[in-house]
Amino acid sequence: MRIIGHKILKRAVYALVTRANTELRSDVLRALKQAQSREKSALAKSALKAILENAAVAKKEKLAICQDTGLPVVFLELGQKVFVKGDIIDIIGRAIEEGYKKSYFRASIQKDALSRSHRPSYGPVIVHTDIVRGNKIKITLLPKGFGCENKAQVKMFAPTAAVAEIEDFVVAAVKQAGASACPPYVVGVGIGGTQDLACLLAKRALLLPIDKRNKSKNIAILEQRLNKRINTLGIGPFGYGGKTTSLAVKIKTYPTHIAGLPVAVNISCHALRSAAIFI
Amino acid sequence: MYKLKAPLTKDKIGKLRTGEALVYDGILYTARDQAHRRFAELIKKNKKLPIDLKGQIIYYCGPNPAAPGKIIGACGPTTSQRMDRFAPALMKAGVLGMVGKGERSPDVVRAIKKYRAVYFATYAGCGALLSRYVKNKKIVCFEDLGTEAVFALNVSNFPLLVAVDCMGGSIYDERR
Ligand code: SF4
């Protein structure tokens, strides 16, 4: 058993908070730069220029990339041979709340979803936990902004549905998001499992490096085809029109029941922020 | 680039055309979902509003707090769509300009034409960069709403794009 003290855990989570919110992922940066050289229209070019300039300002001045510092979603992979002194979920939650506060990020969480009667706060955050082999902890933080989270969709297809139907659904979801969720997007797709798992897979797909090819040949082809189709929609950077509506489509799959085929779409804005750390 | 200076007038708005990029000097009042809800309720009950909206520009924004030595944190636009249900009432109360990101509903576009108002888009998802154009910030009302309170942002050279002009032409229609 490897024992990890709460201070080490806290420090690690704290570092994730600033890194995720102030430093745009390098794979996203690369894709944005490529898009900039591809675009022809002046409006699309200037939109991408602003996005890249924003990323530079945020990093240099330690400012949040976007004022919506999101609902912090944590993916915790906990090695079976690790023992953490204290309540691990509580330690992570508090460290994030403290990190947000000390970094002067926005308190965006409404404690009562229905009455909306509370002053926005920094928590509670959401933690998804997986128990894994080994004696390490991996923590991934995805500050998910709600402009794009609001555009998520899920549909239960028949098991006999054609791949083309699934494609149409994904493309339609992006079309419906339109200009409202800060394009260019990264589109996460979850296929299989149950309805809830498909949604989680779609979100987890956003954590994949966007320029790394999927190991499954079929899925890689589907991702590319979807990305091409989405980019013919013409929404473009900021929705002002252009070739770049999507930087990438990422798909995650899981086995499912003989009677069904759940498909979920989780869209990310161009400010796709996530950071991970091993302890 | 054209510099639009406060106060906004119907005359100035009349010259703006969809797709035109410009910069703005003056006050932007921030308001998002909950502030809109409160404004709309007060208007419905014929009560006095905490600020005079006549001729003003509403910025759909919930800023980040200012770090020591700074004026404001990241302060980019939020999705305008969510304010669509309130926007016509606010225009009726005198609002002439709105700043946000993304499409507006047909109802809002109709109201923009009717009141000869204007809807601007600004850099979406670029809150850090936009914070540079804020010269000072003052809380105006609804302090209990935290980031959703109404702040008066005094901005200079704030980048805007005419997204729906007073004739109802929309940048988001033209692209398709
Ligand atoms: S959709 Fe993303 S970039 Fe746009 S405001 Fe929300 S968090 Fe920021």
# chains A, B, ... in the order shown; residues from 1 in each chain; ligands from 1
>>> residues_around(residues="range 239-244 of chain A", least_positions_apart="5", cutoff="9 Å", atoms="only C-alpha atoms", output="short mmCIF file (atom, residue, chain, number, x, y, z; two decimals) with N, CA and C atoms, in the first residue's frame")
data_model
loop_
_atom_site.label_atom_id
_atom_site.label_comp_id
_atom_site.auth_asym_id
_atom_site.auth_seq_id
_atom_site.Cartn_x
_atom_site.Cartn_y
_atom_site.Cartn_z
N ALA A 35 -5.75 26.12 -38.38
CA ALA A 35 -7.01 26.66 -38.92
C ALA A 35 -6.79 28.07 -39.45
N GLN A 36 -5.99 28.83 -38.73
CA GLN A 36 -5.74 30.22 -39.13
C GLN A 36 -5.09 30.28 -40.52
N ARG A 38 -5.46 28.09 -42.81
CA ARG A 38 -6.40 27.55 -43.81
C ARG A 38 -7.48 28.55 -44.22
N GLU A 39 -7.91 29.37 -43.25
CA GLU A 39 -9.04 30.26 -43.51
C GLU A 39 -8.70 31.34 -44.53
N LYS A 40 -9.68 31.67 -45.37
CA LYS A 40 -9.45 32.70 -46.37
C LYS A 40 -10.13 34.02 -45.99
N SER A 41 -11.31 33.93 -45.37
CA SER A 41 -12.07 35.15 -45.14
C SER A 41 -11.44 35.98 -44.01
N LEU A 43 -12.86 37.89 -41.77
CA LEU A 43 -13.52 37.76 -40.47
C LEU A 43 -13.09 36.50 -39.73
N ALA A 44 -13.00 35.38 -40.46
CA ALA A 44 -12.59 34.12 -39.85
C ALA A 44 -11.15 34.22 -39.35
N LYS A 45 -10.32 34.83 -40.17
CA LYS A 45 -8.90 34.99 -39.79
C LYS A 45 -8.78 35.85 -38.54
N ALA A 47 -10.98 36.36 -36.24
CA ALA A 47 -11.54 35.66 -35.07
C ALA A 47 -10.48 34.73 -34.48
N GLY A 178 -24.84 26.02 -33.52
CA GLY A 178 -24.66 27.21 -34.35
C GLY A 178 -23.49 28.06 -33.92
N ALA A 179 -23.75 29.36 -33.78
CA ALA A 179 -22.69 30.31 -33.42
C ALA A 179 -22.65 30.55 -31.92
N SER A 180 -23.55 29.89 -31.18
CA SER A 180 -23.78 30.29 -29.79
C SER A 180 -22.80 29.73 -28.76
N CYS A 182 -19.39 29.35 -28.95
CA CYS A 182 -18.00 29.70 -29.20
C CYS A 182 -17.26 28.74 -30.14
N PRO A 183 -17.67 28.69 -31.40
CA PRO A 183 -16.92 27.92 -32.38
C PRO A 183 -15.59 28.61 -32.71
N PRO A 184 -14.59 27.87 -33.23
CA PRO A 184 -14.63 26.48 -33.63
C PRO A 184 -14.68 25.50 -32.45
N TYR A 185 -15.41 24.41 -32.68
CA TYR A 185 -15.67 23.43 -31.63
C TYR A 185 -14.72 22.25 -31.68
N ILE A 230 -19.00 18.43 -40.74
CA ILE A 230 -19.29 19.57 -39.86
C ILE A 230 -18.67 20.84 -40.44
N ASN A 231 -17.49 20.68 -41.03
CA ASN A 231 -16.83 21.87 -41.57
C ASN A 231 -17.42 22.37 -42.89
N THR A 232 -18.39 21.61 -43.43
CA THR A 232 -19.11 22.15 -44.59
C THR A 232 -20.32 22.97 -44.13
N LEU A 233 -20.61 22.97 -42.83
CA LEU A 233 -21.76 23.74 -42.33
C LEU A 233 -21.54 25.24 -42.50
N GLY A 234 -20.28 25.64 -42.50
CA GLY A 234 -19.97 27.06 -42.74
C GLY A 234 -20.16 27.97 -41.55
N GLY B 19 -21.98 43.19 -40.09
CA GLY B 19 -20.68 42.75 -40.59
C GLY B 19 -19.57 43.76 -40.37
N LYS B 101 -22.80 37.01 -27.74
CA LYS B 101 -22.27 36.10 -28.76
C LYS B 101 -23.39 35.20 -29.25
N GLY B 102 -23.40 34.95 -30.55
CA GLY B 102 -24.32 33.99 -31.14
C GLY B 102 -25.65 34.57 -31.58
N GLU B 103 -26.46 33.69 -32.19
CA GLU B 103 -27.71 34.06 -32.84
C GLU B 103 -28.74 34.65 -31.88
N ALA B 163 -23.72 42.58 -35.40
CA ALA B 163 -24.22 41.24 -35.71
C ALA B 163 -25.66 41.29 -36.22
N ILE B 171 -25.56 38.77 -39.23
CA ILE B 171 -24.32 38.16 -39.71
C ILE B 171 -24.45 36.64 -39.74
N TYR B 172 -25.29 36.12 -38.86
CA TYR B 172 -25.41 34.66 -38.76
C TYR B 172 -26.29 34.07 -39.86
N GLU B 174 -26.18 35.43 -43.03
CA GLU B 174 -25.42 35.61 -44.26
C GLU B 174 -24.42 34.50 -44.50
N ARG B 175 -23.96 33.87 -43.42
CA ARG B 175 -22.89 32.89 -43.60
C ARG B 175 -23.38 31.63 -44.30
N ARG B 176 -24.71 31.38 -44.27
CA ARG B 176 -25.18 30.12 -44.86
C ARG B 176 -25.85 30.29 -46.21
#
>>> interface_residues(of="chain A", to="chain B", cutoff="7 Å", atoms="only C-alpha atoms", output="mmCIF file with N, CA and C atoms, in the first residue's frame")
data_model
loop_
_atom_site.group_PDB
_atom_site.id
_atom_site.type_symbol
_atom_site.label_atom_id
_atom_site.label_comp_id
_atom_site.auth_asym_id
_atom_site.auth_seq_id
_atom_site.Cartn_x
_atom_site.Cartn_y
_atom_site.Cartn_z
ATOM 1 N N ALA A 50 -7.811 36.616 -32.673
ATOM 2 C CA ALA A 50 -8.233 37.038 -31.330
ATOM 3 C C ALA A 50 -8.147 35.873 -30.341
ATOM 4 N N ILE A 51 -8.553 34.684 -30.787
ATOM 5 C CA ILE A 51 -8.521 33.510 -29.911
ATOM 6 C C ILE A 51 -7.077 33.196 -29.490
ATOM 7 N N ASN A 54 -5.786 35.867 -27.181
ATOM 8 C CA ASN A 54 -6.383 35.671 -25.864
ATOM 9 C C ASN A 54 -5.625 34.607 -25.068
ATOM 10 N N VAL A 57 -2.412 36.119 -23.796
ATOM 11 C CA VAL A 57 -2.643 37.062 -22.688
ATOM 12 C C VAL A 57 -2.952 36.293 -21.404
ATOM 13 N N ALA A 58 -3.806 35.277 -21.515
ATOM 14 C CA ALA A 58 -4.202 34.496 -20.339
ATOM 15 C C ALA A 58 -2.984 33.844 -19.694
ATOM 16 N N LEU A 63 -4.436 34.999 -16.254
ATOM 17 C CA LEU A 63 -5.875 35.282 -16.245
ATOM 18 C C LEU A 63 -6.609 34.055 -16.775
ATOM 19 N N ALA A 64 -7.863 33.926 -16.391
ATOM 20 C CA ALA A 64 -8.665 32.835 -16.945
ATOM 21 C C ALA A 64 -8.805 33.042 -18.455
ATOM 22 N N ILE A 65 -8.650 31.967 -19.229
ATOM 23 C CA ILE A 65 -8.809 32.036 -20.681
ATOM 24 C C ILE A 65 -10.195 32.566 -21.008
ATOM 25 N N CYS A 66 -11.165 32.055 -20.259
ATOM 26 C CA CYS A 66 -12.549 32.499 -20.458
ATOM 27 C C CYS A 66 -13.154 32.824 -19.095
ATOM 28 N N GLN A 67 -14.015 33.827 -19.083
ATOM 29 C CA GLN A 67 -14.646 34.194 -17.794
ATOM 30 C C GLN A 67 -15.494 33.058 -17.248
ATOM 31 N N TYR A 104 -8.712 34.151 -8.276
ATOM 32 C CA TYR A 104 -9.684 35.173 -8.708
ATOM 33 C C TYR A 104 -10.487 34.718 -9.916
ATOM 34 N N PHE A 105 -10.807 33.421 -9.930
ATOM 35 C CA PHE A 105 -11.709 32.918 -10.962
ATOM 36 C C PHE A 105 -13.138 33.118 -10.479
ATOM 37 N N ARG A 106 -14.057 32.889 -11.362
ATOM 38 C CA ARG A 106 -15.453 33.198 -11.073
ATOM 39 C C ARG A 106 -16.130 32.076 -10.296
ATOM 40 N N ARG A 119 -26.328 32.788 -3.758
ATOM 41 C CA ARG A 119 -25.278 33.532 -4.438
ATOM 42 C C ARG A 119 -24.354 32.499 -5.076
ATOM 43 N N PRO A 120 -23.936 32.699 -6.325
ATOM 44 C CA PRO A 120 -23.076 31.682 -6.953
ATOM 45 C C PRO A 120 -21.830 31.384 -6.110
ATOM 46 N N GLY A 147 -21.782 27.430 -21.885
ATOM 47 C CA GLY A 147 -22.252 27.854 -23.196
ATOM 48 C C GLY A 147 -22.296 26.643 -24.108
ATOM 49 N N ALA A 179 -23.749 29.357 -33.781
ATOM 50 C CA ALA A 179 -22.694 30.308 -33.425
ATOM 51 C C ALA A 179 -22.653 30.551 -31.918
ATOM 52 N N SER A 180 -23.553 29.894 -31.180
ATOM 53 C CA SER A 180 -23.782 30.292 -29.785
ATOM 54 C C SER A 180 -22.802 29.729 -28.760
ATOM 55 N N ALA A 181 -22.078 28.688 -29.098
ATOM 56 C CA ALA A 181 -21.249 28.029 -28.091
ATOM 57 C C ALA A 181 -19.749 28.210 -28.343
ATOM 58 N N CYS A 182 -19.393 29.348 -28.948
ATOM 59 C CA CYS A 182 -17.997 29.696 -29.202
ATOM 60 C C CYS A 182 -17.261 28.735 -30.136
ATOM 61 N N GLY A 234 -20.275 25.644 -42.500
ATOM 62 C CA GLY A 234 -19.969 27.055 -42.744
ATOM 63 C C GLY A 234 -20.164 27.970 -41.547
ATOM 64 N N ILE A 235 -20.367 27.407 -40.365
ATOM 65 C CA ILE A 235 -20.565 28.258 -39.179
ATOM 66 C C ILE A 235 -19.309 29.110 -38.937
ATOM 67 N N PHE A 238 -16.231 31.987 -34.394
ATOM 68 C CA PHE A 238 -17.206 32.944 -33.819
ATOM 69 C C PHE A 238 -18.568 32.893 -34.511
ATOM 70 N N GLY A 239 -18.725 31.979 -35.477
ATOM 71 C CA GLY A 239 -19.992 31.909 -36.200
ATOM 72 C C GLY A 239 -20.107 32.945 -37.305
ATOM 73 N N TYR A 240 -18.978 33.553 -37.669
ATOM 74 C CA TYR A 240 -18.994 34.586 -38.713
ATOM 75 C C TYR A 240 -18.824 33.990 -40.109
ATOM 76 N N GLY A 241 -18.841 32.670 -40.185
ATOM 77 C CA GLY A 241 -18.654 31.988 -41.456
ATOM 78 C C GLY A 241 -17.203 31.594 -41.647
ATOM 79 N N ALA A 271 -12.289 27.090 -26.366
ATOM 80 C CA ALA A 271 -11.536 27.157 -25.109
ATOM 81 C C ALA A 271 -11.639 25.808 -24.396
#
>>> atom_distance(atom1="CA of Tyr115 in chain B", atom2="CA of Met1 in chain B")
26.1 Å
>>> select_by_dssp(residues="chain B", states="alpha helix (DSSP H)", output="MDAnalysis selection string")
chainID B and resid 10:15 33:44 87:92 106:114 127:130 171:174
>>> closest_residue(among="A:Leu272, A:Val28, A:Ile89, A:Val17", to="ligand 1", atoms="only C-alpha atoms and all ligand atoms")
A:Leu272
>>> closest_residue(among="A:Arg94, A:Lys59, A:His270, A:Lys138", to="ligand 1", atoms="only C-alpha atoms and all ligand atoms")
A:His270
>>> closest_residue(among="A:Lys203, A:Lys175, A:Lys144, A:Lys252", to="ligand 1", atoms="only C-alpha atoms and all ligand atoms")
A:Lys144
>>> residues_around(residues="Gln153 in chain A", least_positions_apart="4", cutoff="9 Å", atoms="only C-alpha atoms", output="VMD selection string")
chain A and resid 170 173 199 263 to 267
>>> atom_distance(atom1="CA of His6 in chain A", atom2="CA of Ile139 in chain A")
13.9 Å
>>> closest_residue(among="A:Asp90, A:Glu149, A:Asp27, A:Asp168", to="ligand 1", atoms="only C-alpha atoms and all ligand atoms")
A:Glu149
>>> residues_around(residues="range 73-85 of chain A", least_positions_apart="6", cutoff="9 Å", atoms="only C-alpha atoms", output="MDAnalysis selection string")
chainID A and resid 1:6 9 92 125:144 204 276
>>> select_by_dssp(residues="range 48-177 of chain A", states="strand (DSSP E or B)", output="PyMOL selection string")
chain A and resi 71-79+82-84+109+121+126-132+137-144+153-157
>>> residues_around(residues="range 186-192 of chain A", least_positions_apart="2", cutoff="6 Å", atoms="only C-alpha atoms", output="PyMOL selection string")
chain A and resi 198+201-202+205-206+246-256+261-268
>>> write_last_selection(atoms="C-alpha atoms", output="tab-separated table (two decimals), in the first residue's frame")
chain	number	residue	atom	x	y	z
A	198	ALA	CA	-22.81	7.42	-23.50
A	201	LEU	CA	-18.03	8.85	-22.91
A	202	ALA	CA	-18.81	11.92	-25.00
A	205	ALA	CA	-13.72	12.06	-25.55
A	206	LEU	CA	-12.92	15.75	-25.08
A	246	SER	CA	-14.86	21.98	-35.85
A	247	LEU	CA	-11.21	21.47	-34.97
A	248	ALA	CA	-11.75	17.77	-34.41
A	249	VAL	CA	-14.32	15.08	-33.70
A	250	LYS	CA	-13.32	12.59	-31.02
A	251	ILE	CA	-15.24	9.37	-30.42
A	252	LYS	CA	-15.27	6.98	-27.49
A	253	THR	CA	-17.14	3.69	-27.62
A	254	TYR	CA	-18.29	0.98	-25.23
A	255	PRO	CA	-20.20	-2.28	-25.68
A	256	THR	CA	-23.95	-1.95	-25.41
A	261	LEU	CA	-27.49	2.04	-29.44
A	262	PRO	CA	-27.08	5.14	-27.27
A	263	VAL	CA	-25.25	8.05	-28.89
A	264	ALA	CA	-24.29	11.24	-27.06
A	265	VAL	CA	-22.68	14.44	-28.28
A	266	ASN	CA	-20.80	16.78	-25.99
A	267	ILE	CA	-19.55	19.90	-27.68
A	268	SER	CA	-16.62	21.92	-26.44
>>> residues_around(residues="Pro7 in chain B", least_positions_apart="6", cutoff="12 Å", atoms="only C-alpha atoms", output="PyMOL selection string")
chain B and resi 13+24-28+53-57+95-97
>>> write_last_selection(atoms="C-alpha atoms", output="tab-separated table (two decimals), in the first residue's frame")
chain	number	residue	atom	x	y	z
B	13	ILE	CA	-27.19	53.24	-34.94
B	24	TYR	CA	-16.51	51.36	-28.62
B	25	ASP	CA	-15.72	53.95	-25.94
B	26	GLY	CA	-18.15	54.36	-23.07
B	27	ILE	CA	-20.22	52.42	-20.57
B	28	LEU	CA	-21.37	48.83	-20.93
B	53	LEU	CA	-31.79	51.89	-19.33
B	54	LYS	CA	-32.58	54.61	-21.87
B	55	GLY	CA	-29.99	54.71	-24.61
B	56	GLN	CA	-27.78	52.18	-22.83
B	57	ILE	CA	-25.85	49.15	-24.00
B	95	VAL	CA	-32.06	49.75	-24.26
B	96	LEU	CA	-30.50	50.60	-27.61
B	97	GLY	CA	-27.59	48.20	-27.78
>>> closest_residue(among="A:Ala15, A:Cys148, A:Ala177, A:Ala107", to="ligand 1", atoms="only C-alpha atoms and all ligand atoms")
A:Cys148
>>> atom_distance(atom1="CA of Val13 in chain A", atom2="CA of Ser274 in chain A")
12.2 Å
>>> closest_residue(among="A:Asp68, A:Glu165, A:Glu97, A:Glu223", to="ligand 1", atoms="only C-alpha atoms and all ligand atoms")
A:Asp68
>>> decode(residues="range 122-227 of chain A", atoms="C-alpha atoms", output="CSV table (one decimal), in the first residue's frame")
chain,number,residue,atom,x,y,z
A,122,TYR,CA,-17.2,27.7,-6.1
A,123,GLY,CA,-18.6,24.3,-5.3
A,124,PRO,CA,-19.6,21.6,-5.2
A,125,VAL,CA,-17.6,20.2,-8.1
A,126,ILE,CA,-18.3,17.0,-9.9
A,127,VAL,CA,-16.0,14.0,-9.4
A,128,HIS,CA,-16.1,10.8,-11.5
A,129,THR,CA,-14.1,8.1,-9.9
A,130,ASP,CA,-12.6,4.9,-11.4
A,131,ILE,CA,-10.7,2.4,-9.4
A,132,VAL,CA,-7.7,1.2,-11.4
A,133,ARG,CA,-4.7,-1.1,-11.1
A,134,GLY,CA,-1.5,0.2,-9.5
A,135,ASN,CA,-0.3,2.5,-6.9
A,136,LYS,CA,-0.8,5.9,-8.5
A,137,ILE,CA,-3.5,8.5,-8.7
A,138,LYS,CA,-4.4,10.3,-11.9
A,139,ILE,CA,-6.5,13.4,-11.6
A,140,THR,CA,-7.8,15.2,-14.6
A,141,LEU,CA,-9.6,18.5,-14.4
A,142,LEU,CA,-12.0,19.7,-17.1
A,143,PRO,CA,-13.5,23.1,-16.4
A,144,LYS,CA,-16.6,22.8,-18.6
A,145,GLY,CA,-18.1,26.0,-19.6
A,146,PHE,CA,-21.9,26.0,-19.9
A,147,GLY,CA,-22.3,27.9,-23.2
A,148,CYS,CA,-21.2,24.6,-24.9
A,149,GLU,CA,-22.4,22.2,-22.2
A,150,ASN,CA,-25.9,23.5,-22.9
A,151,LYS,CA,-25.6,22.2,-26.5
A,152,ALA,CA,-25.0,18.5,-25.4
A,153,GLN,CA,-27.4,16.0,-26.8
A,154,VAL,CA,-28.2,12.3,-26.4
A,155,LYS,CA,-30.3,9.9,-28.5
A,156,MET,CA,-31.2,6.3,-28.1
A,157,PHE,CA,-31.0,4.7,-31.6
A,158,ALA,CA,-32.3,1.3,-32.7
A,159,PRO,CA,-29.5,-1.3,-32.8
A,160,THR,CA,-30.2,-1.6,-36.5
A,161,ALA,CA,-29.7,2.1,-37.2
A,162,ALA,CA,-27.3,2.9,-40.0
A,163,VAL,CA,-24.0,4.7,-39.3
A,164,ALA,CA,-25.3,7.4,-41.6
A,165,GLU,CA,-28.2,8.1,-39.1
A,166,ILE,CA,-25.7,8.5,-36.3
A,167,GLU,CA,-23.7,10.9,-38.4
A,168,ASP,CA,-26.7,13.0,-39.2
A,169,PHE,CA,-27.5,13.3,-35.5
A,170,VAL,CA,-24.0,14.5,-34.7
A,171,VAL,CA,-23.9,17.0,-37.5
A,172,ALA,CA,-27.4,18.2,-36.6
A,173,ALA,CA,-26.3,18.7,-33.0
A,174,VAL,CA,-23.4,21.0,-34.1
A,175,LYS,CA,-25.7,22.8,-36.5
A,176,GLN,CA,-28.1,23.5,-33.6
A,177,ALA,CA,-25.3,24.8,-31.5
A,178,GLY,CA,-24.7,27.2,-34.4
A,179,ALA,CA,-22.7,30.3,-33.4
A,180,SER,CA,-23.8,30.3,-29.8
A,181,ALA,CA,-21.2,28.0,-28.1
A,182,CYS,CA,-18.0,29.7,-29.2
A,183,PRO,CA,-16.9,27.9,-32.4
A,184,PRO,CA,-14.6,26.5,-33.6
A,185,TYR,CA,-15.7,23.4,-31.6
A,186,VAL,CA,-14.2,20.1,-30.6
A,187,VAL,CA,-16.9,17.6,-30.8
A,188,GLY,CA,-17.0,14.7,-28.3
A,189,VAL,CA,-19.1,11.7,-29.2
A,190,GLY,CA,-20.0,8.7,-27.0
A,191,ILE,CA,-21.3,5.6,-28.6
A,192,GLY,CA,-22.6,2.6,-26.7
A,193,GLY,CA,-23.1,1.7,-23.0
A,194,THR,CA,-26.2,3.0,-21.4
A,195,GLN,CA,-27.8,6.4,-21.9
A,196,ASP,CA,-25.8,7.9,-18.9
A,197,LEU,CA,-22.5,6.1,-19.9
A,198,ALA,CA,-22.8,7.4,-23.5
A,199,CYS,CA,-23.0,11.0,-22.1
A,200,LEU,CA,-19.9,10.4,-20.0
A,201,LEU,CA,-18.0,8.8,-22.9
A,202,ALA,CA,-18.8,11.9,-25.0
A,203,LYS,CA,-17.4,14.2,-22.3
A,204,ARG,CA,-14.4,11.9,-21.8
A,205,ALA,CA,-13.7,12.1,-25.5
A,206,LEU,CA,-12.9,15.8,-25.1
A,207,LEU,CA,-9.9,14.7,-23.0
A,208,LEU,CA,-8.3,12.9,-25.9
A,209,PRO,CA,-5.4,14.7,-27.6
A,210,ILE,CA,-7.2,16.0,-30.7
A,211,ASP,CA,-4.4,15.5,-33.1
A,212,LYS,CA,-3.8,11.8,-32.2
A,213,ARG,CA,-5.4,9.3,-34.5
A,214,ASN,CA,-7.9,6.9,-33.0
A,215,LYS,CA,-6.4,3.4,-32.6
A,216,SER,CA,-9.5,1.8,-34.2
A,217,LYS,CA,-9.3,2.3,-38.0
A,218,ASN,CA,-13.1,2.4,-38.4
A,219,ILE,CA,-13.5,5.0,-35.7
A,220,ALA,CA,-10.7,7.1,-37.0
A,221,ILE,CA,-12.4,7.2,-40.4
A,222,LEU,CA,-15.7,8.0,-38.9
A,223,GLU,CA,-14.1,10.9,-36.9
A,224,GLN,CA,-12.6,12.3,-40.0
A,225,ARG,CA,-15.7,12.0,-42.0
A,226,LEU,CA,-17.8,13.7,-39.3
A,227,ASN,CA,-15.2,16.5,-39.0
